[in-house]
Amino acid sequence: MMRLPIVTLAALSLAAALAEAIRVIQDPALRQGAIVKDPKAVEADRQVRALAGSDKVTQDFYEFAIDIFVDLMQSAGGDMKKINETLDRAKTDPAAFAATLSPRNRERLKELSTKVDERAR
């Protein structure tokens with residue numbers, strides 16, 4: 001007899017919320033609609049745009065953020081407390097946080113850093 005994984009309602013709700021967040025972040029029009037509703041999001045978006053310098057690199061930043069969040073969700077088993085603790089530690093030790101990223105995301109971080117650095121010159 002085949003055993004199916006047990007999926008809790010909380011896990012389904014979390015997966016649905018993550019899917020919706022990804023959909024909104026990936027679509028610039030939906031993202032902007034969500035951003036204008038929160039002054040903190042407006043300021044964060046302003047900072048991303050200032051760093052990115054173009055709509056293309058801004059989109060790259062947001063897509064990278066999705067991948068980072070998915071990595072965090074997986075490593076924390078969906079535990080938002082663990083995710084928030086990880087993000088709090090990242091604020092004080094970004095290099096240690098970067099070291100925990102998947103090899104693919106470390107490479108993407110390097111690529112985005114290079115784009116921002118080249119733009120700043």
# chains A, B, ... in the order shown; residues from 1 in each chain; ligands from 1

call {"tool": "residues_around", "arguments": {"residues": "stretch 82-96 of chain A", "least_positions_apart": "4", "cutoff": "9 Å", "atoms": "only C-alpha atoms", "output": "list in words"}}
result
Phe69, Leu72, Met73, Ser75, Ala76, Gly77, Gly78 and Thr100 of chain A

call {"tool": "select_by_dssp", "arguments": {"residues": "chain A", "states": "alpha helix (DSSP H)", "output": "number ranges by chain"}}
result
A: 9-26, 28-35, 39-52, 55-75, 80-92, 94-99, 103-120

call {"tool": "closest_residue", "arguments": {"among": "A:Ala65, A:Pro103, A:Ser13, A:Gln59", "to": "A:Ala29", "atoms": "only C-alpha atoms"}}
result
A:Gln59

call {"tool": "residues_around", "arguments": {"residues": "A:Ala50", "least_positions_apart": "4", "cutoff": "12 Å", "atoms": "only C-alpha atoms", "output": "ChimeraX atom specification"}}
result
/A:43-46,54-55,57-58,61,116,119-120

call {"tool": "write_last_selection", "arguments": {"atoms": "N, CA and C atoms", "output": "compact mmCIF listing (two decimals), in the first residue's frame"}}
result
# COMPACT_ATOMS: atom_id res chain seq x y z
N GLU A 43 9.05 52.55 0.95
CA GLU A 43 10.45 52.92 1.21
C GLU A 43 11.40 51.81 0.76
N ALA A 44 11.05 50.56 1.03
CA ALA A 44 11.90 49.44 0.60
C ALA A 44 12.02 49.42 -0.92
N ASP A 45 10.91 49.63 -1.61
CA ASP A 45 10.92 49.64 -3.07
C ASP A 45 11.76 50.80 -3.60
N ARG A 46 11.67 51.95 -2.94
CA ARG A 46 12.48 53.10 -3.35
C ARG A 46 13.96 52.76 -3.24
N SER A 54 17.60 50.43 -12.79
CA SER A 54 16.80 50.17 -13.99
C SER A 54 15.66 49.23 -13.63
N ASP A 55 14.62 49.25 -14.47
CA ASP A 55 13.49 48.35 -14.24
C ASP A 55 13.92 46.89 -14.33
N VAL A 57 16.93 45.47 -13.66
CA VAL A 57 17.67 45.03 -12.47
C VAL A 57 16.75 45.03 -11.25
N THR A 58 15.80 45.96 -11.19
CA THR A 58 14.81 45.95 -10.11
C THR A 58 14.04 44.63 -10.12
N PHE A 61 16.16 41.90 -8.79
CA PHE A 61 16.21 41.93 -7.33
C PHE A 61 15.00 41.23 -6.73
N VAL A 116 25.14 46.16 -9.59
CA VAL A 116 25.00 47.37 -8.78
C VAL A 116 26.32 48.12 -8.73
N ARG A 119 27.06 49.90 -12.00
CA ARG A 119 26.19 51.06 -12.16
C ARG A 119 26.69 52.23 -11.31
N ALA A 120 27.25 51.92 -10.15
CA ALA A 120 27.73 52.96 -9.23
C ALA A 120 28.98 53.66 -9.74

call {"tool": "atom_distance", "arguments": {"atom1": "atom CA of A:Glu111", "atom2": "atom CA of A:Gly33"}}
result
28.1 Å

call {"tool": "decode", "arguments": {"residues": "stretch 29-43 of chain A", "atoms": "N, CA and C atoms", "output": "PDB file, in the first residue's frame"}}
result
ATOM      1  N   ALA A  29       3.059  45.085 -12.048  1.00  0.00           N
ATOM      2  CA  ALA A  29       1.824  45.837 -11.796  1.00  0.00           C
ATOM      3  C   ALA A  29       1.175  45.399 -10.481  1.00  0.00           C
ATOM      4  N   LEU A  30       1.091  44.101 -10.256  1.00  0.00           N
ATOM      5  CA  LEU A  30       0.529  43.606  -8.991  1.00  0.00           C
ATOM      6  C   LEU A  30       1.411  44.014  -7.820  1.00  0.00           C
ATOM      7  N   ARG A  31       2.716  43.930  -8.022  1.00  0.00           N
ATOM      8  CA  ARG A  31       3.661  44.298  -6.963  1.00  0.00           C
ATOM      9  C   ARG A  31       3.477  45.764  -6.579  1.00  0.00           C
ATOM     10  N   GLN A  32       3.384  46.630  -7.570  1.00  0.00           N
ATOM     11  CA  GLN A  32       3.226  48.054  -7.289  1.00  0.00           C
ATOM     12  C   GLN A  32       1.921  48.322  -6.551  1.00  0.00           C
ATOM     13  N   GLY A  33       0.858  47.608  -6.937  1.00  0.00           N
ATOM     14  CA  GLY A  33      -0.422  47.751  -6.242  1.00  0.00           C
ATOM     15  C   GLY A  33      -0.324  47.369  -4.774  1.00  0.00           C
ATOM     16  N   ALA A  34       0.458  46.355  -4.478  1.00  0.00           N
ATOM     17  CA  ALA A  34       0.651  45.932  -3.088  1.00  0.00           C
ATOM     18  C   ALA A  34       1.565  46.900  -2.340  1.00  0.00           C
ATOM     19  N   ILE A  35       2.576  47.396  -3.014  1.00  0.00           N
ATOM     20  CA  ILE A  35       3.554  48.288  -2.377  1.00  0.00           C
ATOM     21  C   ILE A  35       2.910  49.574  -1.886  1.00  0.00           C
ATOM     22  N   VAL A  36       2.053  50.176  -2.701  1.00  0.00           N
ATOM     23  CA  VAL A  36       1.485  51.481  -2.342  1.00  0.00           C
ATOM     24  C   VAL A  36       0.607  51.426  -1.097  1.00  0.00           C
ATOM     25  N   LYS A  37       0.231  50.242  -0.663  1.00  0.00           N
ATOM     26  CA  LYS A  37      -0.627  50.094   0.514  1.00  0.00           C
ATOM     27  C   LYS A  37       0.146  50.142   1.832  1.00  0.00           C
ATOM     28  N   ASP A  38       1.479  50.116   1.762  1.00  0.00           N
ATOM     29  CA  ASP A  38       2.290  50.031   2.980  1.00  0.00           C
ATOM     30  C   ASP A  38       3.482  50.981   2.887  1.00  0.00           C
ATOM     31  N   PRO A  39       3.531  51.998   3.755  1.00  0.00           N
ATOM     32  CA  PRO A  39       4.644  52.954   3.705  1.00  0.00           C
ATOM     33  C   PRO A  39       6.025  52.296   3.811  1.00  0.00           C
ATOM     34  N   LYS A  40       6.148  51.224   4.595  1.00  0.00           N
ATOM     35  CA  LYS A  40       7.439  50.531   4.693  1.00  0.00           C
ATOM     36  C   LYS A  40       7.799  49.885   3.360  1.00  0.00           C
ATOM     37  N   ALA A  41       6.804  49.341   2.683  1.00  0.00           N
ATOM     38  CA  ALA A  41       7.047  48.728   1.374  1.00  0.00           C
ATOM     39  C   ALA A  41       7.426  49.791   0.350  1.00  0.00           C
ATOM     40  N   VAL A  42       6.801  50.956   0.438  1.00  0.00           N
ATOM     41  CA  VAL A  42       7.135  52.059  -0.471  1.00  0.00           C
ATOM     42  C   VAL A  42       8.605  52.434  -0.301  1.00  0.00           C
ATOM     43  N   GLU A  43       9.046  52.551   0.946  1.00  0.00           N
ATOM     44  CA  GLU A  43      10.447  52.915   1.212  1.00  0.00           C
ATOM     45  C   GLU A  43      11.398  51.806   0.764  1.00  0.00           C
TER      46      GLU A  43
END
